[in-house]
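Engineer: For reference, the structure I am asking about is given below.
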Amino acid sequence: MATGMNFDLVSYSGALYTKSITTTPFLNLIGAPKTTNAVEFAVNQEYALGTPSQPKISESDSLTAPEAANVTRSQATNVTQIFQESIAISYARESNMGQLSGVNNAGQVENPTSELQFQTAATMQKIRNDIEYTLINGKYHKSTGNTDANQTRGILEAIVTNAVKETAAVSSSTVRSVLKSFFKKLYDANTDIDGYLLLINSDIKAAISEAYEGSGYFMPGVTEAGINIQRLITDYGTIRIALSRTMPQDTALCFNPAAVHLVEQPTPGKGNFFLEPLDKTGAAWKYQIFGQAGLDHGFEKLHGKLTFGAT
């Protein structure tokens, strides 16, 4: 763990911004968090009834009962994983915030005023970004030992039944027909998509807007132009559109937000994602942030994903 010191973390004046992603739309849109006291947790049980068919049973046949056909069940599970970060700031660094680098005009002051508070807040945001990315893109792995890390399954990997691949790349000329076919496939697979969310990145969003841009008309005196499609009204229901910078540019996720939950695994007596001091060995503050979380994606057949440009 590297301790932040004066020549590593210098102070500047001026408004403070981040170049990193700070929005977490998937976390904001899904259902309320759940808790578990076990690393592995049940997502759901599944069973299948087989392909519907027309029985052919005569009166004579009906006098003898048919062989019993049992419906078997299986369980789907996921795991929580550890999110952990450390913060270390020397006493000398925290007491030297007024020593400014860069351009400084009269009257300017340091921003932030506390290195420890800034590093703590930034680290918490990093963890939240990591959770957002993991819940969408995470690759599943169940630990087989103490040195083997659990990794939670993200919603994109969870979707198997309604995983649709489109060979064409993202394009305004094809996106309407491709999405129409995608929604039909979800409906035909017995997925009721009315009220669902379509989570997409900027490429697909721009293609949708461009595809519908020529469908309106202008009245005399109109001084504004543009289009921002926020809902798609389809034959199979109305679907809201949400933007996510963490989604792959070539993938659209159509999901039921009420069926998806963050699963937290609190530490007894501490909670989850807590800040606690580490052993002090000198003139520095040392803390760690620790938490465990995973994704309850619900029945994977409730959701669908569409990948453009698939081979």
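Quick note on naming: the chains in the structure tokens go A, B, ... in the order shown, residues restart at 1 in each chain, and ligands are numbered from 1 in order of appearance.
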Which parts of stretch 92-294 of chain A does DSSP call strand (DSSP E or B) when run on the backbone here, written out as a PyMOL selection string?

Structural biologist: chain A and resi 100+141+151+163-166+197-200+231-234+237-243+251-255+261-264+267+271+274-277+284-294

Engineer: List the spatial neighbours of stretch 219-229 of chain A as an MDAnalysis selection string - criterion: any atom at most 9 Å away, only C-alpha atoms, same-chain residues fewer than 6 positions off excluded.

Structural biologist: chainID A and resid 205:206 208:210 212:213 241

Engineer: Based on the selection just made, write N, CA and C atoms of those residues as a CSV table (one decimal), in the first residue's frame.

Structural biologist:
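That gives us result_17.csv:
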```csv
chain,number,residue,atom,x,y,z
A,205,LYS,N,-27.7,4.3,-29.1
A,205,LYS,CA,-28.6,5.4,-28.9
A,205,LYS,C,-28.6,6.4,-30.0
A,206,ALA,N,-27.5,6.7,-30.5
A,206,ALA,CA,-27.4,7.7,-31.7
A,206,ALA,C,-28.0,7.1,-32.9
A,208,ILE,N,-30.5,4.9,-33.0
A,208,ILE,CA,-31.9,4.9,-32.8
A,208,ILE,C,-32.5,6.3,-33.1
A,209,SER,N,-31.8,7.3,-32.6
A,209,SER,CA,-32.3,8.7,-32.8
A,209,SER,C,-32.2,9.1,-34.3
A,210,GLU,N,-31.1,8.7,-34.9
A,210,GLU,CA,-31.0,9.0,-36.4
A,210,GLU,C,-32.0,8.3,-37.2
A,212,TYR,N,-35.0,7.5,-36.4
A,212,TYR,CA,-36.4,8.1,-36.3
A,212,TYR,C,-36.4,9.5,-36.6
A,213,GLU,N,-35.3,10.1,-36.8
A,213,GLU,CA,-35.2,11.6,-37.0
A,213,GLU,C,-36.0,12.1,-38.2
A,241,ILE,N,-35.9,3.6,-22.7
A,241,ILE,CA,-34.5,3.6,-23.1
A,241,ILE,C,-33.7,4.3,-22.0
```

Engineer: I need the residue nearest A:Ala189 from this list: A:Ala2, A:Asn162, A:Leu253, A:Tyr91. Use only C-alpha atoms for the distance.

Structural biologist: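 Comparing A:Ala2, A:Asn162, A:Leu253, A:Tyr91 against A:Ala189, the winner is A:Asn162.
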
Engineer: Could you list, as a list of chain:residue names, every residue within 12 Å of A:Ala149, counting only C-alpha atoms and ignoring same-chain residues fewer than 5 positions away?

Structural biologist: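 Once the adjacent positions are removed, what remains is A:Val39, A:Val79, A:Thr80, A:Gln81, A:Ile82, A:Phe83, A:Lys139, A:Tyr140, A:His141, A:Lys142, A:Ser143, A:Thr144, A:Gln292.
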
Engineer: Store the residues picked out above, limited to all heavy atoms, as a CSV table (one decimal), in the first residue's frame.

Structural biologist:
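Here's the written file out.csv:
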```
chain,number,residue,atom,x,y,z
A,39,VAL,N,-21.7,-16.9,0.8
A,39,VAL,CA,-21.1,-16.4,-0.5
A,39,VAL,C,-22.0,-16.8,-1.7
A,39,VAL,O,-22.2,-16.0,-2.6
A,39,VAL,CB,-19.7,-17.0,-0.6
A,39,VAL,CG1,-19.2,-16.8,-2.0
A,39,VAL,CG2,-18.8,-16.3,0.4
A,79,VAL,N,-22.7,-15.9,-6.9
A,79,VAL,CA,-21.8,-15.7,-5.7
A,79,VAL,C,-21.6,-14.2,-5.5
A,79,VAL,O,-21.7,-13.4,-6.5
A,79,VAL,CB,-20.5,-16.4,-5.9
A,79,VAL,CG1,-20.6,-17.9,-5.9
A,79,VAL,CG2,-19.7,-15.9,-7.1
A,80,THR,N,-21.3,-13.8,-4.3
A,80,THR,CA,-20.8,-12.5,-4.0
A,80,THR,C,-19.3,-12.5,-4.2
A,80,THR,O,-18.6,-13.5,-4.2
A,80,THR,CB,-21.1,-12.1,-2.5
A,80,THR,OG1,-20.5,-12.9,-1.6
A,80,THR,CG2,-22.6,-12.1,-2.3
A,81,GLN,N,-18.7,-11.3,-4.3
A,81,GLN,CA,-17.3,-11.2,-4.4
A,81,GLN,C,-16.8,-10.0,-3.5
A,81,GLN,O,-17.6,-9.2,-3.2
A,81,GLN,CB,-16.8,-11.0,-5.8
A,81,GLN,CG,-17.3,-9.7,-6.5
A,81,GLN,CD,-16.6,-9.5,-7.9
A,81,GLN,OE1,-17.0,-10.2,-8.8
A,81,GLN,NE2,-15.6,-8.6,-7.9
A,82,ILE,N,-15.5,-10.0,-3.3
A,82,ILE,CA,-14.9,-9.0,-2.4
A,82,ILE,C,-14.6,-7.7,-3.2
A,82,ILE,O,-14.0,-7.8,-4.3
A,82,ILE,CB,-13.7,-9.5,-1.7
A,82,ILE,CG1,-14.1,-10.6,-0.7
A,82,ILE,CG2,-13.0,-8.4,-1.0
A,82,ILE,CD1,-12.9,-11.3,-0.1
A,83,PHE,N,-14.9,-6.6,-2.7
A,83,PHE,CA,-14.4,-5.3,-3.2
A,83,PHE,C,-13.7,-4.6,-2.0
A,83,PHE,O,-14.2,-4.4,-0.9
A,83,PHE,CB,-15.6,-4.4,-3.6
A,83,PHE,CG,-16.4,-4.9,-4.8
A,83,PHE,CD1,-17.4,-5.8,-4.6
A,83,PHE,CD2,-16.1,-4.5,-6.1
A,83,PHE,CE1,-18.2,-6.3,-5.7
A,83,PHE,CE2,-16.8,-5.0,-7.2
A,83,PHE,CZ,-17.8,-5.9,-7.0
A,139,LYS,N,-17.7,-11.8,-15.2
A,139,LYS,CA,-17.6,-13.2,-15.6
A,139,LYS,C,-17.6,-14.1,-14.3
A,139,LYS,O,-16.8,-13.8,-13.4
A,139,LYS,CB,-16.3,-13.3,-16.4
A,139,LYS,CG,-16.1,-12.4,-17.6
A,139,LYS,CD,-17.3,-12.6,-18.6
A,139,LYS,CE,-17.1,-11.8,-19.8
A,139,LYS,NZ,-18.2,-11.9,-20.8
A,140,TYR,N,-18.4,-15.1,-14.4
A,140,TYR,CA,-18.6,-15.9,-13.2
A,140,TYR,C,-17.5,-16.8,-12.9
A,140,TYR,O,-16.9,-17.5,-13.8
A,140,TYR,CB,-19.9,-16.7,-13.4
A,140,TYR,CG,-20.2,-17.7,-12.3
A,140,TYR,CD1,-20.8,-17.3,-11.1
A,140,TYR,CD2,-19.9,-19.1,-12.4
A,140,TYR,CE1,-21.0,-18.2,-10.1
A,140,TYR,CE2,-20.2,-20.0,-11.4
A,140,TYR,CZ,-20.7,-19.5,-10.2
A,140,TYR,OH,-21.0,-20.4,-9.2
A,141,HIS,N,-17.1,-16.9,-11.6
A,141,HIS,CA,-16.2,-17.9,-11.1
A,141,HIS,C,-16.5,-18.2,-9.7
A,141,HIS,O,-16.5,-17.3,-8.9
A,141,HIS,CB,-14.7,-17.4,-11.3
A,141,HIS,CG,-13.7,-18.5,-10.8
A,141,HIS,ND1,-13.5,-19.6,-11.5
A,141,HIS,CD2,-13.0,-18.5,-9.7
A,141,HIS,CE1,-12.6,-20.4,-10.9
A,141,HIS,NE2,-12.3,-19.7,-9.7
A,142,LYS,N,-16.6,-19.4,-9.4
A,142,LYS,CA,-16.9,-19.8,-8.0
A,142,LYS,C,-15.5,-20.4,-7.4
A,142,LYS,O,-14.9,-21.2,-8.0
A,142,LYS,CB,-17.9,-20.9,-7.9
A,142,LYS,CG,-18.3,-21.4,-6.5
A,142,LYS,CD,-19.3,-22.5,-6.5
A,142,LYS,CE,-19.6,-23.0,-5.1
A,142,LYS,NZ,-20.6,-24.1,-5.1
A,143,SER,N,-15.2,-19.8,-6.3
A,143,SER,CA,-13.9,-20.1,-5.7
A,143,SER,C,-13.8,-21.6,-5.3
A,143,SER,O,-14.7,-22.3,-4.9
A,143,SER,CB,-13.7,-19.3,-4.4
A,143,SER,OG,-12.5,-19.7,-3.7
A,144,THR,N,-12.6,-22.1,-5.5
A,144,THR,CA,-12.3,-23.5,-5.1
A,144,THR,C,-11.3,-23.6,-4.0
A,144,THR,O,-10.9,-24.7,-3.6
A,144,THR,CB,-11.7,-24.3,-6.3
A,144,THR,OG1,-10.5,-23.7,-6.8
A,144,THR,CG2,-12.7,-24.4,-7.5
A,292,GLN,N,-18.7,-6.9,0.3
A,292,GLN,CA,-18.9,-8.0,-0.5
A,292,GLN,C,-20.3,-7.9,-1.2
A,292,GLN,O,-21.3,-7.5,-0.5
A,292,GLN,CB,-18.9,-9.3,0.3
A,292,GLN,CG,-17.6,-9.6,1.0
A,292,GLN,CD,-17.6,-10.8,2.0
A,292,GLN,OE1,-17.3,-11.9,1.6
A,292,GLN,NE2,-18.1,-10.5,3.2
```

Engineer: Just checking: using only C-alpha atoms, which residue out of A:Asp194, A:Glu85, A:Glu115, A:Glu67 ends up closest to A:Glu276?

Structural biologist: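 Looking at the shortest contact to A:Glu276, the residue is A:Glu85.
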
Engineer: Neighbours of A:Lys270 within 12 Å (only C-alpha atoms; same-chain residues fewer than 6 positions away dropped), as an mmCIF file with N, CA and C atoms, in the first residue's frame?

Structural biologist:
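After the write, part.cif holds the following:
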```
data_model
loop_
_atom_site.group_PDB
_atom_site.id
_atom_site.type_symbol
_atom_site.label_atom_id
_atom_site.label_comp_id
_atom_site.auth_asym_id
_atom_site.auth_seq_id
_atom_site.Cartn_x
_atom_site.Cartn_y
_atom_site.Cartn_z
ATOM 1 N N GLU A 276 -12.615 1.442 7.901
ATOM 2 C CA GLU A 276 -12.051 1.158 9.212
ATOM 3 C C GLU A 276 -10.547 1.403 9.199
ATOM 4 N N ILE A 289 -11.413 0.087 2.965
ATOM 5 C CA ILE A 289 -12.842 -0.008 2.683
ATOM 6 C C ILE A 289 -13.089 -1.426 2.202
ATOM 7 N N PHE A 290 -14.026 -2.108 2.843
ATOM 8 C CA PHE A 290 -14.262 -3.516 2.551
ATOM 9 C C PHE A 290 -15.752 -3.772 2.376
ATOM 10 N N GLY A 291 -16.087 -4.567 1.366
ATOM 11 C CA GLY A 291 -17.469 -4.967 1.169
ATOM 12 C C GLY A 291 -17.546 -6.189 0.278
#
```

Engineer: Please provide the set of residues having any atom within 9 Å of A:Met247, restricted to only C-alpha atoms, with same-chain residues fewer than 5 positions apart removed, written as a ChimeraX atom specification.

Structural biologist: /A:133,136-137,199-201,252-253

Engineer: Could you save the residues just selected, with all heavy atoms, as a PDB file, in the first residue's frame?

Structural biologist:
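That gives us again.pdb:
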```
ATOM      1  N   TYR A 133     -19.758  -1.853 -13.164  1.00  0.00           N
ATOM      2  CA  TYR A 133     -19.162  -2.601 -14.274  1.00  0.00           C
ATOM      3  C   TYR A 133     -19.348  -4.108 -14.075  1.00  0.00           C
ATOM      4  O   TYR A 133     -19.703  -4.836 -15.008  1.00  0.00           O
ATOM      5  CB  TYR A 133     -17.670  -2.276 -14.384  1.00  0.00           C
ATOM      6  CG  TYR A 133     -16.988  -3.043 -15.500  1.00  0.00           C
ATOM      7  CD1 TYR A 133     -16.931  -2.528 -16.794  1.00  0.00           C
ATOM      8  CD2 TYR A 133     -16.411  -4.295 -15.254  1.00  0.00           C
ATOM      9  CE1 TYR A 133     -16.325  -3.240 -17.813  1.00  0.00           C
ATOM     10  CE2 TYR A 133     -15.801  -5.014 -16.275  1.00  0.00           C
ATOM     11  CZ  TYR A 133     -15.768  -4.480 -17.553  1.00  0.00           C
ATOM     12  OH  TYR A 133     -15.182  -5.201 -18.561  1.00  0.00           O
ATOM     13  N   ILE A 136     -22.859  -5.613 -14.672  1.00  0.00           N
ATOM     14  CA  ILE A 136     -23.212  -5.695 -16.096  1.00  0.00           C
ATOM     15  C   ILE A 136     -22.321  -6.697 -16.825  1.00  0.00           C
ATOM     16  O   ILE A 136     -22.800  -7.567 -17.546  1.00  0.00           O
ATOM     17  CB  ILE A 136     -23.103  -4.311 -16.763  1.00  0.00           C
ATOM     18  CG1 ILE A 136     -24.148  -3.359 -16.183  1.00  0.00           C
ATOM     19  CG2 ILE A 136     -23.285  -4.429 -18.282  1.00  0.00           C
ATOM     20  CD1 ILE A 136     -24.025  -1.932 -16.690  1.00  0.00           C
ATOM     21  N   ASN A 137     -21.009  -6.590 -16.640  1.00  0.00           N
ATOM     22  CA  ASN A 137     -20.045  -7.317 -17.473  1.00  0.00           C
ATOM     23  C   ASN A 137     -19.323  -8.460 -16.762  1.00  0.00           C
ATOM     24  O   ASN A 137     -18.465  -9.102 -17.368  1.00  0.00           O
ATOM     25  CB  ASN A 137     -18.988  -6.343 -17.993  1.00  0.00           C
ATOM     26  CG  ASN A 137     -19.583  -5.220 -18.813  1.00  0.00           C
ATOM     27  OD1 ASN A 137     -20.047  -5.425 -19.931  1.00  0.00           O
ATOM     28  ND2 ASN A 137     -19.587  -4.009 -18.267  1.00  0.00           N
ATOM     29  N   LEU A 199     -31.147  -0.917 -22.029  1.00  0.00           N
ATOM     30  CA  LEU A 199     -29.929  -0.257 -21.580  1.00  0.00           C
ATOM     31  C   LEU A 199     -28.893  -0.323 -22.696  1.00  0.00           C
ATOM     32  O   LEU A 199     -28.513  -1.415 -23.142  1.00  0.00           O
ATOM     33  CB  LEU A 199     -29.394  -0.938 -20.321  1.00  0.00           C
ATOM     34  CG  LEU A 199     -28.321  -0.175 -19.534  1.00  0.00           C
ATOM     35  CD1 LEU A 199     -28.914   1.087 -18.912  1.00  0.00           C
ATOM     36  CD2 LEU A 199     -27.703  -1.066 -18.460  1.00  0.00           C
ATOM     37  N   ILE A 200     -28.432   0.843 -23.155  1.00  0.00           N
ATOM     38  CA  ILE A 200     -27.537   0.906 -24.312  1.00  0.00           C
ATOM     39  C   ILE A 200     -26.493   1.996 -24.107  1.00  0.00           C
ATOM     40  O   ILE A 200     -26.668   2.898 -23.296  1.00  0.00           O
ATOM     41  CB  ILE A 200     -28.314   1.190 -25.615  1.00  0.00           C
ATOM     42  CG1 ILE A 200     -29.227   2.420 -25.451  1.00  0.00           C
ATOM     43  CG2 ILE A 200     -29.118  -0.021 -26.047  1.00  0.00           C
ATOM     44  CD1 ILE A 200     -30.014   2.795 -26.678  1.00  0.00           C
ATOM     45  N   ASN A 201     -25.409   1.886 -24.870  1.00  0.00           N
ATOM     46  CA  ASN A 201     -24.377   2.906 -24.872  1.00  0.00           C
ATOM     47  C   ASN A 201     -24.649   3.887 -26.010  1.00  0.00           C
ATOM     48  O   ASN A 201     -25.669   3.819 -26.684  1.00  0.00           O
ATOM     49  CB  ASN A 201     -22.992   2.268 -24.990  1.00  0.00           C
ATOM     50  CG  ASN A 201     -21.910   3.080 -24.303  1.00  0.00           C
ATOM     51  OD1 ASN A 201     -21.931   4.315 -24.315  1.00  0.00           O
ATOM     52  ND2 ASN A 201     -20.943   2.403 -23.705  1.00  0.00           N
ATOM     53  N   ALA A 252     -27.112  -4.348 -26.695  1.00  0.00           N
ATOM     54  CA  ALA A 252     -28.318  -3.783 -26.084  1.00  0.00           C
ATOM     55  C   ALA A 252     -28.865  -4.784 -25.071  1.00  0.00           C
ATOM     56  O   ALA A 252     -28.976  -5.981 -25.375  1.00  0.00           O
ATOM     57  CB  ALA A 252     -29.368  -3.476 -27.150  1.00  0.00           C
ATOM     58  N   LEU A 253     -29.196  -4.294 -23.892  1.00  0.00           N
ATOM     59  CA  LEU A 253     -29.740  -5.132 -22.828  1.00  0.00           C
ATOM     60  C   LEU A 253     -31.190  -4.750 -22.602  1.00  0.00           C
ATOM     61  O   LEU A 253     -31.493  -3.612 -22.255  1.00  0.00           O
ATOM     62  CB  LEU A 253     -28.935  -4.940 -21.538  1.00  0.00           C
ATOM     63  CG  LEU A 253     -29.531  -5.523 -20.246  1.00  0.00           C
ATOM     64  CD1 LEU A 253     -29.615  -7.041 -20.329  1.00  0.00           C
ATOM     65  CD2 LEU A 253     -28.705  -5.090 -19.037  1.00  0.00           C
TER      66      LEU A 253
END
```

Engineer: I need the alpha helix (DSSP H) residues of stretch 5-250 of chain A per DSSP on the backbone, written as a ChimeraX atom specification.

Structural biologist: /A:25-29,91-94,115-137,155-158,175-188,202-213

Engineer: For stretch 258-265 of chain A, find every residue with an atom within 10 Å (counting only C-alpha atoms), except residues of its own chain fewer than 3 positions away, and show them as a count of residues only.

Structural biologist: 42
